[in-house]
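Enquirer: Shown below is the structure under consideration.
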Amino acid sequence: MTHSEIRYLRLHNLLISNRRFKTISETVHWLGAVQAQDYAGAKWSLALRTAGSSEAKIEKAISEKSILRTWPMRGTLHFVAAQDAHWMLSLLAPRIIAGAAGRHRQLELNEKVFGQSSELLTSALQGGKQLTRAEVYALLESAEIATSGQRGIHIIGYLAMKKILCHGTHSEKQPTYALLDEWVMNPRKLDEAESLAEISLRYFTSHGPASLNDFVWWAGLKISDARKGLNEVASKLESFDLAGTTYWHAPTDSDFGTGNNTFLLPGFDEYMLGYTDRSIILDKSHAEKIVPGNNGMFMPTIVIDGKVEGTWRKAVKKDKLQIDMYPFNKLTQIKKRRVEKQAELFAQYSSKAVSQVNWL
């Protein structure tokens, strides 16, 4: 398999060029986890992968508790299928918590503080209540638990990784928090071996072709555990070697879409963030443009035939969308028209008209 074929198969398996599912929950379940610290961008990631989707349908899936946001891996917010949250957190969160111990000491956060916070928030949220971050902070402060200097968000994150809290619905533009055990009444239960096998199969079927190192990065597992999980499901996958790297993916026929494929992806999309080695889809000379200043903030990308060919930005002006395109190289008029068609699709999703597309 060539690099070009890897790109097309990833687009197919990540549901970008193959919108096989009709519900948001099916899409999230298939992908395993979808990076979602950028709430608006994550919703676009889900919409562009789901047939007949809209922002309203994604909000509905959240309010109906079929998907939720929490911190299952890499200390970063992800959308996961609600039934998967407990076993994913049990498998993946302990390493994140252990890795944050030094920062917790700096912030003077210890078991006593976390325990007091847990009791306070569990009592306040019982009965299906949801609180905004400001309300959570005010409650903690009223009990003389300081939330300044990032203490507040570290408390929330810790309690989420301990399976006490999760994100609820949004209150206007503000996230809310709820009790995980009330949000997910009948979670799926897996032991450690079953969890390793499940997360391995989900990753390689949805993100493949991918390497073991890609999987280690994505899940945040120890390489020994990642290898154990891969070995458990290897019989259900296919593999090939290219330039000294072994890639794994679900069995597939040769018709996975090698025609023209053009997409406007949000920042932090799984097509970029699902792999530690991004050289197959992005020329290294342009990496700085995707993460300016290496500050951890990923720009939305223009993807043409599987390659990242530029970035884009949107601005709302008088209730209309202005979309600015920043291609890395000069594009043909045909490719520009393909990109502009995707801009129209994004506008439809946003329920706004495109006032203009600027090529910069």
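Residues in the structure tokens are named by chain (A, B, ... in the order shown) and by number from 1 within that chain; ligands are numbered from 1 in the order shown.
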Using 12 Å as the limit and counting only C-alpha atoms, can you tabulate each residue of region 28-143 of chain A that touches region 326-349 of chain A, with its shortest atom-to-atom distance in Å and the two atoms involved, as JSON lines?
Expert:
```
{"residue": "A:Ala40", "atom": "CA", "partner": "A:Tyr349", "partner_atom": "CA", "distance": 11.6}
{"residue": "A:Gly41", "atom": "CA", "partner": "A:Phe346", "partner_atom": "CA", "distance": 11.3}
{"residue": "A:Lys43", "atom": "CA", "partner": "A:Tyr349", "partner_atom": "CA", "distance": 10.1}
{"residue": "A:Trp44", "atom": "CA", "partner": "A:Tyr349", "partner_atom": "CA", "distance": 8.0}
{"residue": "A:Ser45", "atom": "CA", "partner": "A:Phe346", "partner_atom": "CA", "distance": 10.8}
{"residue": "A:Leu46", "atom": "CA", "partner": "A:Tyr349", "partner_atom": "CA", "distance": 11.2}
{"residue": "A:Ala47", "atom": "CA", "partner": "A:Tyr349", "partner_atom": "CA", "distance": 7.9}
{"residue": "A:Leu48", "atom": "CA", "partner": "A:Phe346", "partner_atom": "CA", "distance": 8.5}
{"residue": "A:Thr50", "atom": "CA", "partner": "A:Tyr349", "partner_atom": "CA", "distance": 11.8}
{"residue": "A:Ala51", "atom": "CA", "partner": "A:Tyr349", "partner_atom": "CA", "distance": 11.9}
{"residue": "A:Gly52", "atom": "CA", "partner": "A:Tyr349", "partner_atom": "CA", "distance": 9.9}
{"residue": "A:Ser53", "atom": "CA", "partner": "A:Tyr349", "partner_atom": "CA", "distance": 8.0}
{"residue": "A:Ser54", "atom": "CA", "partner": "A:Tyr349", "partner_atom": "CA", "distance": 5.6}
{"residue": "A:Glu55", "atom": "CA", "partner": "A:Tyr349", "partner_atom": "CA", "distance": 6.6}
{"residue": "A:Ala56", "atom": "CA", "partner": "A:Tyr349", "partner_atom": "CA", "distance": 9.3}
{"residue": "A:Lys57", "atom": "CA", "partner": "A:Tyr349", "partner_atom": "CA", "distance": 10.7}
{"residue": "A:Ile58", "atom": "CA", "partner": "A:Tyr349", "partner_atom": "CA", "distance": 11.2}
```
Enquirer: Write a file of the just-selected residues containing N, CA and C atoms, as a PDB file, in the first residue's frame.
Expert:
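Writing the result to part-v2.pdb gives the following:
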```
ATOM      1  N   ALA A  40     -17.187  23.567  19.584  1.00  0.00           N
ATOM      2  CA  ALA A  40     -17.794  23.869  18.287  1.00  0.00           C
ATOM      3  C   ALA A  40     -17.139  23.054  17.173  1.00  0.00           C
ATOM      4  N   GLY A  41     -15.805  22.973  17.195  1.00  0.00           N
ATOM      5  CA  GLY A  41     -15.102  22.211  16.177  1.00  0.00           C
ATOM      6  C   GLY A  41     -15.421  20.734  16.253  1.00  0.00           C
ATOM      7  N   LYS A  43     -18.167  19.354  17.245  1.00  0.00           N
ATOM      8  CA  LYS A  43     -19.512  19.112  16.690  1.00  0.00           C
ATOM      9  C   LYS A  43     -19.470  19.074  15.159  1.00  0.00           C
ATOM     10  N   TRP A  44     -18.665  19.934  14.550  1.00  0.00           N
ATOM     11  CA  TRP A  44     -18.514  19.888  13.093  1.00  0.00           C
ATOM     12  C   TRP A  44     -17.838  18.578  12.669  1.00  0.00           C
ATOM     13  N   SER A  45     -16.863  18.110  13.448  1.00  0.00           N
ATOM     14  CA  SER A  45     -16.225  16.824  13.158  1.00  0.00           C
ATOM     15  C   SER A  45     -17.255  15.711  13.087  1.00  0.00           C
ATOM     16  N   LEU A  46     -18.201  15.714  14.019  1.00  0.00           N
ATOM     17  CA  LEU A  46     -19.228  14.673  14.046  1.00  0.00           C
ATOM     18  C   LEU A  46     -20.230  14.850  12.915  1.00  0.00           C
ATOM     19  N   ALA A  47     -20.601  16.091  12.647  1.00  0.00           N
ATOM     20  CA  ALA A  47     -21.600  16.340  11.611  1.00  0.00           C
ATOM     21  C   ALA A  47     -21.117  15.938  10.232  1.00  0.00           C
ATOM     22  N   LEU A  48     -19.861  16.265   9.921  1.00  0.00           N
ATOM     23  CA  LEU A  48     -19.374  15.976   8.576  1.00  0.00           C
ATOM     24  C   LEU A  48     -19.188  14.469   8.350  1.00  0.00           C
ATOM     25  N   THR A  50     -21.529  12.162   9.653  1.00  0.00           N
ATOM     26  CA  THR A  50     -22.802  11.497   9.900  1.00  0.00           C
ATOM     27  C   THR A  50     -23.835  11.948   8.878  1.00  0.00           C
ATOM     28  N   ALA A  51     -24.450  10.996   8.211  1.00  0.00           N
ATOM     29  CA  ALA A  51     -25.412  11.308   7.152  1.00  0.00           C
ATOM     30  C   ALA A  51     -26.593  12.091   7.716  1.00  0.00           C
ATOM     31  N   GLY A  52     -26.962  13.163   7.028  1.00  0.00           N
ATOM     32  CA  GLY A  52     -28.126  13.953   7.412  1.00  0.00           C
ATOM     33  C   GLY A  52     -28.010  14.632   8.755  1.00  0.00           C
ATOM     34  N   SER A  53     -26.793  14.944   9.170  1.00  0.00           N
ATOM     35  CA  SER A  53     -26.607  15.489  10.508  1.00  0.00           C
ATOM     36  C   SER A  53     -26.702  17.004  10.517  1.00  0.00           C
ATOM     37  N   SER A  54     -26.823  17.544  11.720  1.00  0.00           N
ATOM     38  CA  SER A  54     -26.879  18.985  11.926  1.00  0.00           C
ATOM     39  C   SER A  54     -26.411  19.274  13.342  1.00  0.00           C
ATOM     40  N   GLU A  55     -26.153  20.544  13.606  1.00  0.00           N
ATOM     41  CA  GLU A  55     -25.734  20.911  14.952  1.00  0.00           C
ATOM     42  C   GLU A  55     -26.816  20.575  15.972  1.00  0.00           C
ATOM     43  N   ALA A  56     -28.069  20.769  15.584  1.00  0.00           N
ATOM     44  CA  ALA A  56     -29.180  20.475  16.491  1.00  0.00           C
ATOM     45  C   ALA A  56     -29.230  18.987  16.846  1.00  0.00           C
ATOM     46  N   LYS A  57     -28.941  18.126  15.877  1.00  0.00           N
ATOM     47  CA  LYS A  57     -28.963  16.683  16.138  1.00  0.00           C
ATOM     48  C   LYS A  57     -27.844  16.274  17.092  1.00  0.00           C
ATOM     49  N   ILE A  58     -26.712  16.959  17.007  1.00  0.00           N
ATOM     50  CA  ILE A  58     -25.613  16.654  17.928  1.00  0.00           C
ATOM     51  C   ILE A  58     -25.985  17.094  19.336  1.00  0.00           C
TER      52      ILE A  58
END
```
Enquirer: Pick out the residues sitting within 6 Å of Gln130 (chain A), and hand them over as a ChimeraX atom specification; count only C-alpha atoms, and ignore anything fewer than 6 positions along from it in its own chain.
Expert: /A:176-178
Enquirer: Store the residues of this selection in a file with N, CA and C atoms, as a CSV table (one decimal), in the first residue's frame.
Expert:
```csv
chain,number,residue,atom,x,y,z
A,176,THR,N,-21.7,22.6,31.2
A,176,THR,CA,-22.2,22.2,32.6
A,176,THR,C,-21.6,20.9,33.0
A,177,TYR,N,-21.7,20.6,34.3
A,177,TYR,CA,-21.2,19.3,34.8
A,177,TYR,C,-22.4,18.6,35.5
A,178,ALA,N,-22.3,17.3,35.4
A,178,ALA,CA,-23.3,16.4,36.0
A,178,ALA,C,-22.7,15.2,36.6
```
Enquirer: Neighbouring residues of Leu11 (chain A) were defined as those with any atom within 9 Å, considering only C-alpha atoms; residues of the same chain fewer than 3 positions away were excluded. Please report them as a list in words.
Expert: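 Neighbouring residues, sequence-local ones excluded: Ile6, Arg7, Tyr8, Leu14, Leu15, Ile16, Ser17, Asn18, His207, Phe256, Gly257, Asn261, Tyr271 and Gly306 of chain A.
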Enquirer: Would you compute the distance between CA of Thr252 (chain A) and CA of Asp84 (chain A)? Give it in Å to one decimal.
Expert: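 Separation of CA of Thr252 (chain A) and CA of Asp84 (chain A): 25.8 Å.
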Enquirer: Looking at A:Leu265, A:Ile164, A:Val354, A:Val136, which one is nearest to Trp312 (chain A), with distances taken over only C-alpha atoms?
Expert: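 With only C-alpha atoms as the atom set, the closest residue is A:Leu265.
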Enquirer: Got a sec to tell me which of region 146-344 of chain A DSSP assigns to helix (DSSP H, G or I), as a ChimeraX atom specification?
Expert: /A:151-161,180-183,192-207,212-219,223-236,270-273,284-290,292-294,333-344
Enquirer: Name the residues of region 121-274 of chain A that fall into strand (DSSP E or B) according to DSSP on the backbone, using the chain letters and numbers of this document, as number ranges by chain.
Expert: A: 131-132, 165-171, 174-179, 210, 238-242, 245-249, 262-265
Enquirer: Please save C-alpha atoms of the selected residues as an mmCIF file, in the first residue's frame.
Expert:
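Result written to out_26.cif:
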```cif
data_model
loop_
_atom_site.group_PDB
_atom_site.id
_atom_site.type_symbol
_atom_site.label_atom_id
_atom_site.label_comp_id
_atom_site.auth_asym_id
_atom_site.auth_seq_id
_atom_site.Cartn_x
_atom_site.Cartn_y
_atom_site.Cartn_z
ATOM 1 C CA LEU A 131 -23.974 23.267 37.200
ATOM 2 C CA THR A 132 -21.906 25.581 35.025
ATOM 3 C CA LEU A 165 -18.398 13.998 37.101
ATOM 4 C CA CYS A 166 -18.938 14.356 33.368
ATOM 5 C CA HIS A 167 -19.982 17.169 31.069
ATOM 6 C CA GLY A 168 -23.713 17.713 30.726
ATOM 7 C CA THR A 169 -25.522 19.867 28.194
ATOM 8 C CA HIS A 170 -24.377 23.392 27.365
ATOM 9 C CA SER A 171 -26.085 26.294 29.094
ATOM 10 C CA GLN A 174 -21.140 27.510 28.893
ATOM 11 C CA PRO A 175 -20.404 23.841 29.637
ATOM 12 C CA THR A 176 -22.170 22.220 32.557
ATOM 13 C CA TYR A 177 -21.236 19.313 34.793
ATOM 14 C CA ALA A 178 -23.347 16.405 36.013
ATOM 15 C CA LEU A 179 -22.885 13.167 37.931
ATOM 16 C CA ALA A 210 -2.055 3.111 11.712
ATOM 17 C CA GLU A 238 -4.747 -6.894 8.281
ATOM 18 C CA SER A 239 -1.237 -5.451 8.257
ATOM 19 C CA PHE A 240 1.453 -4.365 5.826
ATOM 20 C CA ASP A 241 4.949 -2.890 6.055
ATOM 21 C CA LEU A 242 5.994 0.385 4.454
ATOM 22 C CA THR A 245 6.773 0.675 9.737
ATOM 23 C CA THR A 246 3.988 -1.875 10.203
ATOM 24 C CA TYR A 247 0.483 -0.541 9.650
ATOM 25 C CA TRP A 248 -2.717 -2.221 10.863
ATOM 26 C CA HIS A 249 -6.270 -1.785 9.599
ATOM 27 C CA THR A 262 -11.962 17.642 -0.661
ATOM 28 C CA PHE A 263 -12.907 18.565 2.906
ATOM 29 C CA LEU A 264 -12.817 21.456 5.349
ATOM 30 C CA LEU A 265 -11.906 19.885 8.681
#
```
Enquirer: What's the 12 Å shell around Ala193 (chain A), counting only C-alpha atoms, without same-chain residues fewer than 2 positions away, as a list in words?
Expert: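 After dropping sequence-adjacent residues, the list is Trp87, Ser90, Leu91, Lys189, Leu190, Asp191, Ser195, Leu196, Ala197, Glu198, Ile199, Ser200, Asp225, Ala226, Arg227, Lys228, Gly229, Leu230, Asn231, Glu232 and Val233 of chain A.
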Enquirer: How would the residues just chosen look if you wrote them out with N, CA, C and O atoms as a short mmCIF file (atom, residue, chain, number, x, y, z; two decimals), in the first residue's frame?
Expert:
```cif
data_model
loop_
_atom_site.label_atom_id
_atom_site.label_comp_id
_atom_site.auth_asym_id
_atom_site.auth_seq_id
_atom_site.Cartn_x
_atom_site.Cartn_y
_atom_site.Cartn_z
N TRP A 87 -15.76 2.22 31.30
CA TRP A 87 -14.64 1.31 31.09
C TRP A 87 -13.44 2.04 30.48
O TRP A 87 -12.29 1.69 30.79
N SER A 90 -11.75 3.80 33.38
CA SER A 90 -11.07 2.82 34.24
C SER A 90 -9.75 2.37 33.63
O SER A 90 -8.75 2.19 34.33
N LEU A 91 -9.73 2.21 32.31
CA LEU A 91 -8.53 1.73 31.63
C LEU A 91 -7.48 2.81 31.46
O LEU A 91 -6.28 2.56 31.70
N LYS A 189 -19.73 -2.82 31.13
CA LYS A 189 -18.68 -3.23 32.06
C LYS A 189 -17.72 -4.20 31.39
O LYS A 189 -18.13 -5.22 30.84
N LEU A 190 -16.44 -3.84 31.40
CA LEU A 190 -15.39 -4.68 30.83
C LEU A 190 -14.25 -4.77 31.82
O LEU A 190 -13.95 -3.81 32.52
N ASP A 191 -13.58 -5.95 31.86
CA ASP A 191 -12.38 -6.02 32.68
C ASP A 191 -11.20 -5.46 31.90
O ASP A 191 -11.36 -5.03 30.75
N SER A 195 -11.10 -4.54 28.00
CA SER A 195 -11.00 -3.12 27.64
C SER A 195 -9.85 -2.87 26.68
O SER A 195 -10.00 -2.12 25.71
N LEU A 196 -8.70 -3.50 26.93
CA LEU A 196 -7.55 -3.35 26.03
C LEU A 196 -7.89 -3.84 24.64
O LEU A 196 -7.54 -3.21 23.63
N ALA A 197 -8.56 -4.98 24.57
CA ALA A 197 -8.92 -5.53 23.26
C ALA A 197 -9.92 -4.62 22.55
O ALA A 197 -9.80 -4.36 21.35
N GLU A 198 -10.88 -4.11 23.31
CA GLU A 198 -11.93 -3.28 22.71
C GLU A 198 -11.36 -1.97 22.18
O GLU A 198 -11.66 -1.57 21.05
N ILE A 199 -10.53 -1.29 22.98
CA ILE A 199 -9.99 -0.01 22.53
C ILE A 199 -9.04 -0.21 21.36
O ILE A 199 -8.97 0.63 20.45
N SER A 200 -8.33 -1.33 21.34
CA SER A 200 -7.42 -1.62 20.23
C SER A 200 -8.20 -1.84 18.94
O SER A 200 -7.86 -1.29 17.89
N ASP A 225 1.13 -2.41 27.13
CA ASP A 225 -0.31 -2.64 27.15
C ASP A 225 -0.92 -2.48 25.76
O ASP A 225 -1.82 -3.23 25.37
N ALA A 226 -0.43 -1.49 25.01
CA ALA A 226 -0.92 -1.30 23.65
C ALA A 226 -0.61 -2.51 22.79
O ALA A 226 -1.45 -2.98 22.01
N ARG A 227 0.59 -3.05 22.94
CA ARG A 227 0.96 -4.24 22.17
C ARG A 227 0.10 -5.44 22.59
O ARG A 227 -0.30 -6.26 21.76
N LYS A 228 -0.17 -5.54 23.88
CA LYS A 228 -1.01 -6.64 24.37
C LYS A 228 -2.41 -6.56 23.75
O LYS A 228 -2.98 -7.56 23.31
N GLY A 229 -2.97 -5.36 23.72
CA GLY A 229 -4.28 -5.18 23.12
C GLY A 229 -4.28 -5.48 21.64
O GLY A 229 -5.19 -6.14 21.13
N LEU A 230 -3.25 -5.01 20.93
CA LEU A 230 -3.15 -5.27 19.50
C LEU A 230 -3.01 -6.76 19.22
O LEU A 230 -3.67 -7.30 18.32
N ASN A 231 -2.19 -7.43 19.99
CA ASN A 231 -2.01 -8.87 19.79
C ASN A 231 -3.32 -9.63 19.97
O ASN A 231 -3.57 -10.63 19.29
N GLU A 232 -4.15 -9.13 20.89
CA GLU A 232 -5.42 -9.81 21.17
C GLU A 232 -6.37 -9.74 19.98
O GLU A 232 -7.19 -10.65 19.78
N VAL A 233 -6.29 -8.67 19.18
CA VAL A 233 -7.25 -8.49 18.08
C VAL A 233 -6.59 -8.58 16.71
O VAL A 233 -7.25 -8.36 15.69
#
```
